[in-house]
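Take a look at the structure below.
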Amino acid sequence: MTIAFDNTYARLPERFFAKVPPTPVRAPALLRVNESLCELLGIDAAELRSPEGVARLAGNGLFDGSEPIALAYAGHQFGGFSPKLGDGRAILLGEVVGKDGVRRDIQLKGSGPTPFSRRGDGRAAIGPVLREYLVSESMHALRVPTTRALAAVTTGEVVLRGDDLPGAVLTRVAASHLRVGTFEYFAAQRDLDGLERLVKFALWRHYPHLARNPDRALTLLDAVIDAQTTLVSRWMGLGFVHGVMNTDNTSISGETIDYGPCAFLDAYDPGRTFSSIDQQGRYAFHNQPRIALWNLARLAEAILPLVSSDEDAAVKQVTERLDTFPDRFGARHHAILRDKLGLGDERDDDVALARDLLELMAKARVDFTLTFRRLFDAIDRAPRVSVVSAMFADPAPFDAWAVRWRARLDGDSVPVATRKERMRLANPAFIARNHRVEQMIAKATEGDLSLFERMLRVLARPCDDQPDDEDLMDPPGADQWDYQTFCGT
Ligand code: AMP
Ligand code: MG
């Protein structure tokens, strides 16, 4: 079983992790192997699919060269600080440098208890594993930075989540598993040496072109602000609600991580939350940029002692960096909104045009994804605007908006073919619709993977028209509206 591991995190001091192997399971069986990701990582997909491969993906035995560790981290969860969280049900097998030269972590999730498990069983159920597999791969296809799924297996064991559910293990691939919470872990212990090493490691791993900058901690903060503004602006353009933006789920690389209670907006409601545990709406759709900044402020606090021994000076310097967030986020978000409307050149009133549409959409509770896709269909076929108009209970205000939109399009200097392609890519036809994900999980739990496979195939080309699968574009029916997600434990 050959995976060309090249491990670096395991070389850091032992207080960064706990050495712990996965716990063997009764009867491993394959759900899926991700061929194209295997290809990128230089891993033989056929080997992973063999009985020995499937056994190892379930934690029965180790791949050669793997040095299994559970990473230590802390985190602010719903605003409250936990000094010790760590990988309670995940084990880092090691790192692999892909054919693209990028180093990535390979991690088993649901592979048994670790010293960080507290009262948890260290396990995962088939539903959350397939949901993460499908949604993370769909986000990748939407060009959103994200962790990915290399494989999923069942364990032949039952996990207790209210009901008895089939147990499963996900093999997750990430640029790294460093989080804001990793920095908070060392900061909370006043372990300056640990913090310093972590900053160096993170720069080397994710921002090597900046590693020689003299102010390493500030440089890292700045790079992470940049990565997070990019990430969250992409979420906002897709109607994606992460659902659990705790600092332990805020990646230093700027990838989407942790697909526990995530969901896509259907009827547009900017204040929408889905997670059953988010009673205050902390992680509501429209709060996501504000929360990203809040999480970055926790990173800034953690690295403060490395910025300057003079605390006031350090606070001033990190605050200057954090203060750039609104402009940086705004620039990216506005560019995405322009793409969504098919606007090529940049004009002062573009943002107002986008805001006005979003306001009408919120009032009418029209489907977020479908409205923009239908608008795309109309960019060079004016009569098709009527299809969008028909989605609004009261079409008149939308029609007035559409006249402004058409006038703005007519005056654009960028060739329509260029704008149209950008608009197509900004307005997917296919997203992992919540009610479909739930159907997929219900079927898979009964042993039927057909919808999982079909959704994977369709969501791999989210911006292409796929007439045979148009049913997957449909919003939920009235009986499927009150969608709630539960933290993926
Ligand atoms: P999450 O909500 O998935 O981000 O997890 C938050 C923390 O709870 C992390 O430290 C996880 O490792 C831990 N955790 C979540 N589920 C389990 C479980 N079933 N067993 C052990 N630890 C868990
Ligand atoms: Mg997490």
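Ligands are numbered from 1 in the order shown, residues from 1 within each chain, and chains are lettered A, B, ... in the order they appear in the structure tokens.
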For this session: Throw together the list of residues within 6 Å of ligand 1, counting only C-alpha atoms and all ligand atoms, and drop it here as a ChimeraX atom specification.
Result: /A:85-89,117,120-123,249,489
Problem set entry | Shell of 9 Å around region 227-239 of chain A, only C-alpha atoms, local chain residues under 2 positions omitted, as an MDAnalysis selection string | chainID A and resid 142:146 222:225 241:242 250:256 263:266 268 270 285:286 288:289 292:293 296 325:326 328:330 332:334 336:337 340 368:369 426:428 431
For this session: Step one, run DSSP on the backbone; step two, keep only residues of region 317-400 of chain A assigned to alpha helix (DSSP H); then write them as an MDAnalysis selection string.
Result: chainID A and resid 317:322 325:341 350:364 368:377 385:389 395:400
For this session: Throw together the list of residues within 8 Å of ligand 2, counting only C-alpha atoms and all ligand atoms, and drop it here as a PyMOL selection string.
Result: chain A and resi 246+248-249+257-258+260
Exercise. Near region 299-303 of chain A, within 7 Å and counting only C-alpha atoms, which residues show up once chain neighbours fewer than 2 positions away are dropped, as a list in words?
Worked result: Val180, Phe183, Glu184, Ala187, Ala217, Leu221, Asn295, Leu296, Ala297, Pro305, Leu306, Val307 and Val318 of chain A
I'd like the neighbourhood of region 277-282 of chain A as a PDB file with C-alpha atoms, in the first residue's frame, where a residue qualifies if any of its atoms comes within 10 Å (using only C-alpha atoms), though same-chain residues fewer than 3 positions away should be ignored.
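So out17.pdb came out as:
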ATOM      1  CA  PHE A  78     -20.371  30.344  19.376  1.00  0.00           C
ATOM      2  CA  GLY A  79     -18.290  33.041  21.039  1.00  0.00           C
ATOM      3  CA  GLY A 243     -23.322  27.196   9.839  1.00  0.00           C
ATOM      4  CA  VAL A 244     -20.537  26.740  12.366  1.00  0.00           C
ATOM      5  CA  MET A 245     -17.935  29.460  11.834  1.00  0.00           C
ATOM      6  CA  PRO A 261     -24.409  21.990   9.556  1.00  0.00           C
ATOM      7  CA  GLY A 271     -30.955  36.414   7.984  1.00  0.00           C
ATOM      8  CA  ARG A 272     -31.402  32.683   7.423  1.00  0.00           C
ATOM      9  CA  THR A 273     -29.733  30.136   9.682  1.00  0.00           C
ATOM     10  CA  PHE A 274     -30.130  26.402   9.320  1.00  0.00           C
ATOM     11  CA  PHE A 285     -25.979  34.100   5.992  1.00  0.00           C
ATOM     12  CA  HIS A 286     -25.551  37.885   6.151  1.00  0.00           C
ATOM     13  CA  ASN A 287     -23.470  37.726   9.343  1.00  0.00           C
ATOM     14  CA  GLN A 288     -20.725  35.642   7.767  1.00  0.00           C
ATOM     15  CA  ARG A 290     -18.698  40.053  10.244  1.00  0.00           C
ATOM     16  CA  ILE A 291     -17.998  36.702  11.902  1.00  0.00           C
ATOM     17  CA  GLN A 484     -32.702  22.372   9.690  1.00  0.00           C
ATOM     18  CA  THR A 485     -29.228  20.967   9.998  1.00  0.00           C
ATOM     19  CA  PHE A 486     -27.670  19.311  12.985  1.00  0.00           C
ATOM     20  CA  CYS A 487     -24.020  19.566  13.926  1.00  0.00           C
TER      21      CYS A 487
END
Problem set entry | Computed interatomic separation between CA of Ser389 (chain A) and CA of Glu346 (chain A) (Å) | 25.7 Å
Problem set entry | Distance in Å - CA of Arg11 (chain A) versus CA of Ala175 (chain A) |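 Between CA of Arg11 (chain A) and CA of Ala175 (chain A) the gap works out to 17.3 Å.
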For this session: Find the residues around Glu470 (chain A) up to 10 Å (only C-alpha atoms counted), leave out those fewer than 3 positions away in its own chain, and share them as an MDAnalysis selection string.
Result: chainID A and resid 429:430 458 465:467 473:474
Problem set entry | Long-range neighbours of Ala152 (chain A) as a PyMOL selection string, 6 Å cut-off, only C-alpha atoms, 2 positions minimum in chain | chain A and resi 31-32+169-170
Next, write the just-selected residues to a file, as an mmCIF file, in the first residue's frame, keeping all heavy atoms as the atom set.
data_model
loop_
_atom_site.group_PDB
_atom_site.id
_atom_site.type_symbol
_atom_site.label_atom_id
_atom_site.label_comp_id
_atom_site.auth_asym_id
_atom_site.auth_seq_id
_atom_site.Cartn_x
_atom_site.Cartn_y
_atom_site.Cartn_z
ATOM 1 N N LEU A 31 -17.469 2.891 0.101
ATOM 2 C CA LEU A 31 -18.549 3.692 -0.454
ATOM 3 C C LEU A 31 -18.075 4.326 -1.764
ATOM 4 O O LEU A 31 -18.726 4.236 -2.778
ATOM 5 C CB LEU A 31 -18.994 4.776 0.534
ATOM 6 C CG LEU A 31 -19.756 4.277 1.770
ATOM 7 C CD1 LEU A 31 -19.822 5.379 2.822
ATOM 8 C CD2 LEU A 31 -21.162 3.817 1.389
ATOM 9 N N ARG A 32 -16.916 4.974 -1.685
ATOM 10 C CA ARG A 32 -16.432 5.630 -2.890
ATOM 11 C C ARG A 32 -14.970 6.054 -2.772
ATOM 12 O O ARG A 32 -14.511 6.405 -1.691
ATOM 13 C CB ARG A 32 -17.240 6.881 -3.192
ATOM 14 C CG ARG A 32 -17.110 7.303 -4.622
ATOM 15 C CD ARG A 32 -18.112 8.371 -5.000
ATOM 16 N NE ARG A 32 -18.275 8.426 -6.434
ATOM 17 C CZ ARG A 32 -17.399 8.988 -7.258
ATOM 18 N NH1 ARG A 32 -16.302 9.531 -6.791
ATOM 19 N NH2 ARG A 32 -17.621 9.003 -8.562
ATOM 20 N N VAL A 169 -16.255 6.316 7.704
ATOM 21 C CA VAL A 169 -15.028 7.102 7.842
ATOM 22 C C VAL A 169 -14.799 7.854 6.536
ATOM 23 O O VAL A 169 -14.882 7.262 5.455
ATOM 24 C CB VAL A 169 -13.793 6.208 8.142
ATOM 25 C CG1 VAL A 169 -12.521 7.044 8.252
ATOM 26 C CG2 VAL A 169 -14.003 5.390 9.413
ATOM 27 N N LEU A 170 -14.528 9.153 6.656
ATOM 28 C CA LEU A 170 -14.207 9.981 5.491
ATOM 29 C C LEU A 170 -12.693 10.176 5.446
ATOM 30 O O LEU A 170 -12.068 10.426 6.479
ATOM 31 C CB LEU A 170 -14.883 11.352 5.632
ATOM 32 C CG LEU A 170 -14.604 12.346 4.500
ATOM 33 C CD1 LEU A 170 -15.406 11.981 3.251
ATOM 34 C CD2 LEU A 170 -14.927 13.770 4.932
#
Exercise. Rounded to one decimal in Å, what is the spacing between CA of Glu446 (chain A) and CA of Ile126 (chain A)?
Worked result: 10.4 Å
